[in-house]
>>> print(open('run-v8.csv').read())   # CSV, C-alpha atoms
chain,number,residue,atom,x,y,z
A,27,MET,CA,-16.2,145.8,239.7
A,28,SER,CA,-19.3,146.5,237.6
A,29,PRO,CA,-20.2,150.1,236.7
A,30,LYS,CA,-22.3,151.9,239.2
A,31,THR,CA,-25.9,152.9,238.7
A,32,ALA,CA,-28.2,154.9,241.0
A,33,GLN,CA,-29.3,153.0,244.0
A,34,ILE,CA,-33.1,152.7,244.4
A,35,ARG,CA,-32.9,153.3,248.1
A,36,LEU,CA,-31.2,156.6,247.4
A,37,VAL,CA,-33.7,157.7,244.7
A,38,SER,CA,-36.0,160.4,246.2
A,39,SER,CA,-39.7,160.3,245.7
A,40,HIS,CA,-42.9,162.4,245.7
A,41,PRO,CA,-46.6,161.4,245.1
A,42,GLU,CA,-46.6,163.5,241.9
A,43,VAL,CA,-43.3,162.1,240.4
A,44,TYR,CA,-43.0,158.9,238.4
A,45,GLU,CA,-40.9,156.4,240.2
A,46,PRO,CA,-38.3,154.2,238.5
A,47,CYS,CA,-40.1,151.2,236.8
A,48,ASP,CA,-39.5,148.7,234.1
A,49,ASP,CA,-39.0,151.4,231.4
A,50,SER,CA,-36.5,153.3,233.5
A,51,PHE,CA,-34.6,150.1,234.3
A,52,ALA,CA,-34.5,149.1,230.6
A,53,LEU,CA,-33.2,152.5,229.6
A,54,VAL,CA,-30.4,152.4,232.2
A,55,ASP,CA,-29.6,148.8,231.1
A,56,ALA,CA,-29.3,150.0,227.5
A,57,LEU,CA,-26.8,152.7,228.6
A,58,LEU,CA,-24.9,150.0,230.5
A,59,ALA,CA,-24.9,147.7,227.5
A,60,ASP,CA,-23.5,150.5,225.4
A,61,ARG,CA,-21.2,151.9,228.1
A,62,THR,CA,-18.0,151.0,226.5
A,63,ASN,CA,-19.1,152.7,223.2
A,64,ILE,CA,-20.1,155.8,225.2
A,65,LEU,CA,-16.8,156.0,226.9
A,66,ASP,CA,-15.0,155.6,223.5
A,67,HIS,CA,-17.4,158.3,222.2
A,68,ARG,CA,-16.1,160.7,224.9
A,69,PRO,CA,-19.2,162.9,225.2
A,70,ARG,CA,-18.8,166.4,226.5
A,71,LEU,CA,-22.5,167.2,227.1
A,72,CYS,CA,-25.3,164.8,228.1
A,73,LEU,CA,-29.0,165.7,228.4
A,74,GLU,CA,-32.0,163.9,229.8
A,75,VAL,CA,-35.4,165.1,228.7
A,76,GLY,CA,-38.1,164.3,231.3
A,77,CYS,CA,-35.8,163.4,234.3
A,78,GLY,CA,-38.6,162.4,236.7
A,79,SER,CA,-37.0,160.9,239.8
A,80,GLY,CA,-33.5,161.5,238.5
A,81,TYR,CA,-32.7,157.8,238.4
A,82,VAL,CA,-31.5,157.8,234.8
A,83,ILE,CA,-29.4,160.9,234.7
A,84,ALA,CA,-27.8,160.0,238.1
A,85,SER,CA,-27.1,156.5,236.7
A,86,LEU,CA,-25.5,157.9,233.5
A,87,ALA,CA,-23.3,160.3,235.6
A,88,LEU,CA,-22.2,157.4,237.8
A,89,MET,CA,-21.5,154.9,235.0
A,90,LEU,CA,-19.3,157.4,233.2
A,91,GLY,CA,-17.8,158.6,236.5
A,92,GLN,CA,-14.1,159.5,236.8
A,93,GLU,CA,-13.3,157.9,233.5
A,94,LEU,CA,-14.7,160.9,231.7
A,95,PRO,CA,-14.1,164.0,233.8
A,96,GLY,CA,-15.4,167.3,232.7
A,97,VAL,CA,-18.7,166.0,231.2
A,98,TYR,CA,-21.6,168.4,231.6
A,99,TYR,CA,-25.0,166.9,232.5
A,100,PHE,CA,-28.3,168.7,231.9
A,101,ALA,CA,-31.9,167.5,232.7
A,102,THR,CA,-35.3,169.0,232.0
A,103,ASP,CA,-38.8,168.3,233.2
A,104,ILE,CA,-42.2,170.0,233.0
A,105,ASN,CA,-43.1,168.9,236.5
A,106,PRO,CA,-41.5,171.1,239.2
A,107,HIS,CA,-41.8,168.3,241.8
A,108,ALA,CA,-39.7,166.1,239.5
A,109,LEU,CA,-36.9,168.7,239.4
A,110,ARG,CA,-36.8,168.9,243.2
A,111,VAL,CA,-36.8,165.1,243.5
A,112,THR,CA,-34.1,164.8,240.8
A,113,ARG,CA,-31.9,167.3,242.7
A,114,GLU,CA,-32.3,165.2,245.9
A,115,THR,CA,-31.4,162.0,244.0
A,116,LEU,CA,-28.3,163.6,242.4
A,117,ASP,CA,-27.2,164.9,245.8
A,118,ALA,CA,-27.7,161.5,247.4
A,119,HIS,CA,-25.3,160.0,244.8
A,120,ALA,CA,-22.8,162.9,244.9
A,121,VAL,CA,-23.2,163.7,241.2
A,122,ASP,CA,-24.4,166.9,239.6
A,123,ALA,CA,-26.5,168.2,236.7
A,124,GLU,CA,-28.0,171.5,235.7
A,125,LEU,CA,-31.8,171.1,236.1
A,126,MET,CA,-34.3,173.2,234.1
A,127,SER,CA,-38.1,173.5,234.2
A,128,MET,CA,-39.4,173.4,230.7
A,129,ASP,CA,-41.5,171.5,228.2
A,130,ILE,CA,-39.1,169.0,226.5
A,131,ALA,CA,-36.2,171.3,225.9
A,132,SER,CA,-37.9,174.5,224.6
A,133,GLY,CA,-35.5,176.8,226.5
A,134,LEU,CA,-32.4,175.0,225.4
A,135,GLU,CA,-32.6,174.9,221.6
A,136,LYS,CA,-30.4,178.0,221.1
A,137,ARG,CA,-28.1,177.4,224.0
A,138,LEU,CA,-27.3,173.8,223.2
A,139,ALA,CA,-28.1,173.5,219.5
A,140,GLY,CA,-25.7,171.1,217.9
A,141,ARG,CA,-23.8,170.4,221.1
A,142,VAL,CA,-25.5,167.4,222.8
A,143,ASP,CA,-23.4,164.3,222.5
A,144,VAL,CA,-25.7,161.9,224.4
A,145,MET,CA,-29.4,162.5,224.8
A,146,VAL,CA,-31.7,160.1,226.8
A,147,VAL,CA,-35.5,160.2,226.8
A,148,ASN,CA,-38.1,158.1,228.5
A,149,PRO,CA,-41.0,159.9,227.0
A,150,PRO,CA,-44.7,159.8,227.8
A,151,TYR,CA,-45.6,156.9,225.6
A,152,VAL,CA,-48.8,155.5,227.0
A,153,PRO,CA,-51.8,155.9,224.6
A,154,THR,CA,-54.3,158.3,226.2
A,155,PRO,CA,-56.9,160.8,225.1
A,156,ASP,CA,-55.1,163.9,223.7
A,157,TYR,CA,-56.5,166.2,226.4
A,158,GLU,CA,-54.4,164.3,229.0
A,159,VAL,CA,-51.1,165.2,227.3
A,160,GLY,CA,-49.2,167.9,229.2
A,161,SER,CA,-51.3,167.3,232.4
A,162,GLU,CA,-49.9,168.7,235.6
A,163,GLY,CA,-48.1,166.4,238.0
A,164,ILE,CA,-47.4,162.7,237.6
A,165,ALA,CA,-49.8,162.2,234.6
A,166,SER,CA,-47.4,164.2,232.4
A,167,ALA,CA,-44.9,161.3,232.8
A,168,TRP,CA,-47.0,158.8,230.8
A,169,ALA,CA,-49.9,160.6,228.9
A,170,GLY,CA,-48.8,160.2,225.3
A,171,GLY,CA,-52.0,160.9,223.4
A,172,GLU,CA,-53.2,158.9,220.4
A,173,ASN,CA,-50.9,155.8,219.9
A,174,GLY,CA,-48.7,157.4,222.6
A,175,ARG,CA,-47.0,159.5,219.9
A,176,SER,CA,-48.0,163.1,220.7
A,177,VAL,CA,-45.0,163.9,222.8
A,178,ILE,CA,-42.6,161.5,221.0
A,179,ASP,CA,-43.3,163.2,217.6
A,180,ARG,CA,-42.5,166.6,219.2
A,181,ILE,CA,-39.2,165.3,220.7
A,182,LEU,CA,-37.8,164.0,217.5
A,183,PRO,CA,-37.2,167.3,215.7
A,184,VAL,CA,-35.9,168.9,218.9
A,185,ALA,CA,-33.4,166.0,219.2
A,186,ASP,CA,-32.3,166.7,215.6
A,187,ARG,CA,-31.6,170.3,216.5
A,188,LEU,CA,-29.8,169.6,219.8
A,189,LEU,CA,-27.6,166.6,218.8
A,190,SER,CA,-24.1,167.3,217.8
A,191,ASP,CA,-22.7,165.8,214.6
A,192,LYS,CA,-21.6,162.8,216.6
A,193,GLY,CA,-24.6,162.9,218.9
A,194,TRP,CA,-26.5,159.8,220.1
A,195,LEU,CA,-30.2,159.6,221.2
A,196,TYR,CA,-31.4,156.8,223.4
A,197,MET,CA,-35.2,156.6,223.5
A,198,VAL,CA,-37.8,154.3,225.2
A,199,THR,CA,-40.6,153.2,222.9
A,200,LEU,CA,-43.6,150.9,223.3
A,201,THR,CA,-44.8,148.5,220.5
A,202,THR,CA,-48.0,150.5,220.3
A,203,ASN,CA,-45.9,153.6,219.4
A,204,ASP,CA,-45.0,151.9,216.1
A,205,PRO,CA,-41.2,152.1,216.7
A,206,SER,CA,-40.5,151.1,213.1
A,207,GLN,CA,-42.2,154.2,211.9
A,208,ILE,CA,-40.2,156.3,214.4
A,209,CYS,CA,-37.1,154.8,212.9
A,210,LEU,CA,-38.2,155.7,209.4
A,211,LEU,CA,-39.0,159.3,210.4
A,212,MET,CA,-35.5,159.6,211.8
A,213,ARG,CA,-34.0,157.9,208.8
A,214,LYS,CA,-35.5,160.7,206.7
A,215,LYS,CA,-33.6,163.1,208.8
A,216,GLY,CA,-30.4,161.2,208.2
A,217,TYR,CA,-30.2,158.9,211.2
A,218,ALA,CA,-29.4,155.2,211.5
A,219,SER,CA,-30.8,153.3,214.5
A,220,ARG,CA,-30.7,150.0,216.3
A,221,ILE,CA,-32.5,148.4,219.2
A,222,VAL,CA,-30.1,148.3,222.2
A,223,VAL,CA,-32.4,146.6,224.6
A,224,GLN,CA,-35.8,144.9,224.2
A,225,ARG,CA,-37.8,143.8,227.1
A,226,SER,CA,-41.3,142.2,227.4
A,227,THR,CA,-43.3,142.5,230.6
A,228,GLU,CA,-46.8,141.2,231.4
A,229,GLU,CA,-48.2,144.6,230.4
A,230,GLU,CA,-45.9,145.9,227.6
A,231,SER,CA,-43.1,145.3,225.1
A,232,LEU,CA,-40.4,148.0,225.3
A,233,HIS,CA,-37.7,148.9,222.8
A,234,ILE,CA,-34.8,151.1,223.7
A,235,ILE,CA,-33.6,152.5,220.4
A,236,LYS,CA,-30.4,154.3,219.7
A,237,PHE,CA,-30.2,156.9,216.9
A,238,TRP,CA,-27.1,158.5,215.4
A,239,ARG,CA,-26.3,160.5,212.3
A,240,ASP,CA,-25.2,158.4,209.4
A,241,SER,CA,-23.4,160.0,206.5
A,242,ASP,CA,-24.5,157.4,204.0
A,243,ILE,CA,-28.1,157.8,204.9
A,244,GLN,CA,-27.7,161.6,204.8
A,245,LEU,CA,-26.3,161.3,201.3
A,246,ASP,CA,-29.1,158.9,200.3
A,247,THR,CA,-31.7,161.3,201.7
A,248,LYS,CA,-30.2,164.3,199.8
A,249,GLU,CA,-30.2,162.2,196.6
A,250,ASN,CA,-33.8,161.2,197.1
A,251,VAL,CA,-34.8,164.8,197.6
A,252,THR,CA,-32.9,165.9,194.5
A,253,THR,CA,-34.5,163.2,192.4
A,254,ASN,CA,-37.9,163.5,194.1
A,255,LYS,CA,-37.8,159.9,195.3
A,256,SER,CA,-38.8,158.5,198.7
A,257,VAL,CA,-37.0,155.8,200.7
A,258,PRO,CA,-37.2,152.6,198.6
A,259,ALA,CA,-40.3,150.6,199.5
A,260,ARG,CA,-38.3,147.5,199.8
A,261,ALA,CA,-36.1,149.1,202.5
A,262,MET,CA,-39.1,150.3,204.4
A,263,ASP,CA,-40.8,146.9,204.2
A,264,SER,CA,-37.7,145.3,205.5
A,265,LEU,CA,-37.5,147.6,208.5
A,266,VAL,CA,-41.2,147.4,209.3
A,267,SER,CA,-41.1,143.6,209.2
A,268,GLN,CA,-38.5,143.3,211.9
A,269,PHE,CA,-40.6,144.7,214.8
A,270,PRO,CA,-43.3,142.1,214.8
A,271,GLN,CA,-40.7,139.4,214.8
A,272,LEU,CA,-38.7,141.1,217.5
A,273,SER,CA,-41.6,142.1,219.8
A,274,PHE,CA,-41.3,138.9,221.9
A,275,TRP,CA,-37.5,138.7,222.1
A,276,LYS,CA,-35.6,139.7,225.1
A,277,GLY,CA,-32.0,140.7,224.5
A,278,THR,CA,-29.7,143.4,223.2
A,279,ASN,CA,-28.1,144.7,220.0
A,280,SER,CA,-30.9,143.8,217.6
A,281,ASN,CA,-30.7,145.9,214.4
A,282,CYS,CA,-33.4,148.4,213.8
A,283,LEU,CA,-32.0,149.6,210.5
>>> encode(input="run-v8.csv", output="C-alpha cells")
Amino acid sequence: MSPKTAQIRLVSSHPEVYEPCDDSFALVDALLADRTNILDHRPRLCLEVGCGSGYVIASLALMLGQELPGVYYFATDINPHALRVTRETLDAHAVDAELMSMDIASGLEKRLAGRVDVMVVNPPYVPTPDYEVGSEGIASAWAGGENGRSVIDRILPVADRLLSDKGWLYMVTLTTNDPSQICLLMRKKGYASRIVVQRSTEEESLHIIKFWRDSDIQLDTKENVTTNKSVPARAMDSLVSQFPQLSFWKGTNSNCL
C-alpha cells in the first residue's frame, strides 16, 4: 500500500487561507519521492514554515506514520486563520503538531536552534510590489516582493540557524526566483543541494530543492575565506547553466549542485 498523504476532502478551508495547489502538491510529491531517505534519516523534529491549510505538515506526519514514532512536528504561520485551518486539517487526519503564530520562525530560533531535522517551506514566491509582502490574510501566502525573493532571502539564514547538523530543508521555488542563485547562497553557508521534483504548469515552472550540510563544501568555504577567494567561477557557471536547461523538464532527482 502506498504511503498516505492528506486527503483533500479532509483539508479545511477559509477564504483568507491559501488552499492546496500545484506548488503544495509538488512539495508533498518531493517528500514522497524522498520518503525512504527520510525514514532512514530518522528525524526527531520536523518543522513547516508557513503551514497554510495544513496539507503539507499533515501529509508529512502521515507518510512517516507509525514507522517513526516519537517524531515532533511544528508548524508556523503569520496568518491566524491559517493556524485554525491547519488545526482542523490535522485533527481530521488524526495527526498532531504544535502550531505557532509568528513571522517565519522568529519565536523559535532559541528554542529549536540546531535541532530541526526536516524543514519544509512553500514560501511566498510570487513577484509582487514590496509593499504587499507581509500583508494580512491570504495575500501573505504568495506576495514575495521583487523577483519573489523578499521572504525567501529571510528564510535562508533562519533555516541555517534552526537545522541540525544532519538537517534537511525542502523548499519550493519558482524559476523567476533564480533558484540557481539560491543554491549558491546556501553553498556559501556550506550546503549541498539538488532538485527533488520539477514541475511545469501553464503558469509557472516549479523546483522543489533539497538542501543539506556538506562537510566537503564547508571545508571548501572555510578555505576560500582563509585565502580570501570566492567559489570558483567555473563551478558557479556550471550550476547556473543547469537551470535554463532543466526549466522545461518534468521529473525527479535532477542535481542542483
>>> residues_around(input="run-v8.csv", residues="Ser39 of chain A", least_positions_apart="2", cutoff="10 Å", atoms="only C-alpha atoms", output="NGL selection string")
:A and (36-37 or 41-46 or 78-80 or 107-108 or 110-112 or 114-115)
>>> closest_residue(input="run-v8.csv", among="A:Leu90, A:Pro153, A:Val97, A:Asp186", to="Ala131 of chain A", atoms="all atoms listed in the file")
A:Asp186
>>> atom_distance(input="run-v8.csv", atom1="atom CA of Gln207 of chain A", atom2="atom CA of Val177 of chain A")
14.9 Å
>>> closest_residue(input="run-v8.csv", among="A:Leu188, A:Leu116, A:Ala167, A:Val54", to="Gly133 of chain A", atoms="all atoms listed in the file")
A:Leu188
>>> atom_distance(input="run-v8.csv", atom1="atom CA of Val142 of chain A", atom2="atom CA of Ser241 of chain A")
18.0 Å
>>> residues_around(input="run-v8.csv", residues="Asp143 of chain A", least_positions_apart="6", cutoff="9 Å", atoms="only C-alpha atoms", output="ChimeraX atom specification")
/A:67-73,188-195
>>> atom_distance(input="run-v8.csv", atom1="atom CA of Thr31 of chain A", atom2="atom CA of Arg187 of chain A")
28.8 Å
>>> closest_residue(input="run-v8.csv", among="A:Ala169, A:Val146, A:Leu182, A:Leu53", to="Ile208 of chain A", atoms="all atoms listed in the file")
A:Leu182
>>> residues_around(input="run-v8.csv", residues="Val198 of chain A", least_positions_apart="6", cutoff="6 Å", atoms="all atoms listed in the file", output="PDB file with C-alpha atoms, in the coordinates of the input")
ATOM      1  CA  ASN A 148     -38.100 158.100 228.500  1.00  0.00           C
ATOM      2  CA  HIS A 233     -37.700 148.900 222.800  1.00  0.00           C
ATOM      3  CA  ILE A 234     -34.800 151.100 223.700  1.00  0.00           C
TER       4      ILE A 234
END
>>> closest_residue(input="run-v8.csv", among="A:Glu172, A:Glu229, A:Asp156, A:Asp129", to="Ile104 of chain A", atoms="only C-alpha atoms")
A:Asp129
>>> axis_aligned_box(input="run-v8.csv", around="segment 165-181 of chain A", padding_each_side="4 Å", output="AutoDock Vina command-line options")
--center_x -46.2 --center_y 161.2 --center_z 226.1 --size_x 22.0 --size_y 18.8 --size_z 25.0
>>> closest_residue(input="run-v8.csv", among="A:Arg113, A:Met126, A:Val75, A:Ala118", to="Ile34 of chain A", atoms="all atoms listed in the file")
A:Ala118
>>> closest_residue(input="run-v8.csv", among="A:Val82, A:Leu57, A:Leu232, A:Ile181", to="Ser132 of chain A", atoms="all atoms listed in the file")
A:Ile181
>>> residues_around(input="run-v8.csv", residues="Ala52 of chain A", least_positions_apart="3", cutoff="12 Å", atoms="all atoms listed in the file", output="PyMOL selection string")
chain A and resi 46-49+55-59+81-82+146-148+196-200+221-227+231-235+276-278
>>> decode(input="run-v8.csv", residues="segment 164-194 of chain A", atoms="C-alpha atoms", output="PDB file, in the first residue's frame")
ATOM      1  CA  ILE A 164      -4.319  35.229   2.125  1.00  0.00           C
ATOM      2  CA  ALA A 165      -2.017  37.676   0.306  1.00  0.00           C
ATOM      3  CA  SER A 166       0.738  36.809   2.807  1.00  0.00           C
ATOM      4  CA  ALA A 167       0.851  33.328   1.244  1.00  0.00           C
ATOM      5  CA  TRP A 168       2.101  34.483  -2.150  1.00  0.00           C
ATOM      6  CA  ALA A 169       3.410  38.083  -2.031  1.00  0.00           C
ATOM      7  CA  GLY A 170       7.174  37.688  -2.455  1.00  0.00           C
ATOM      8  CA  GLY A 171       8.334  41.193  -3.368  1.00  0.00           C
ATOM      9  CA  GLU A 172      10.879  41.891  -6.090  1.00  0.00           C
ATOM     10  CA  ASN A 173      11.648  38.684  -8.027  1.00  0.00           C
ATOM     11  CA  GLY A 174       9.647  36.859  -5.346  1.00  0.00           C
ATOM     12  CA  ARG A 175      12.753  36.773  -3.145  1.00  0.00           C
ATOM     13  CA  SER A 176      11.964  39.088  -0.226  1.00  0.00           C
ATOM     14  CA  VAL A 177      10.695  36.348   2.083  1.00  0.00           C
ATOM     15  CA  ILE A 178      12.887  33.567   0.680  1.00  0.00           C
ATOM     16  CA  ASP A 179      16.041  35.580   1.426  1.00  0.00           C
ATOM     17  CA  ARG A 180      14.865  36.000   5.026  1.00  0.00           C
ATOM     18  CA  ILE A 181      14.094  32.308   5.406  1.00  0.00           C
ATOM     19  CA  LEU A 182      17.523  31.022   4.342  1.00  0.00           C
ATOM     20  CA  PRO A 183      19.532  32.332   7.340  1.00  0.00           C
ATOM     21  CA  VAL A 184      16.750  31.229   9.697  1.00  0.00           C
ATOM     22  CA  ALA A 185      16.912  27.730   8.238  1.00  0.00           C
ATOM     23  CA  ASP A 186      20.680  27.726   8.718  1.00  0.00           C
ATOM     24  CA  ARG A 187      20.234  28.503  12.413  1.00  0.00           C
ATOM     25  CA  LEU A 188      17.420  26.013  13.001  1.00  0.00           C
ATOM     26  CA  LEU A 189      18.680  22.980  11.075  1.00  0.00           C
ATOM     27  CA  SER A 190      20.569  20.303  12.945  1.00  0.00           C
ATOM     28  CA  ASP A 191      23.924  19.038  11.719  1.00  0.00           C
ATOM     29  CA  LYS A 192      22.026  16.403   9.732  1.00  0.00           C
ATOM     30  CA  GLY A 193      19.082  18.704   8.941  1.00  0.00           C
ATOM     31  CA  TRP A 194      17.382  18.798   5.534  1.00  0.00           C
TER      32      TRP A 194
END
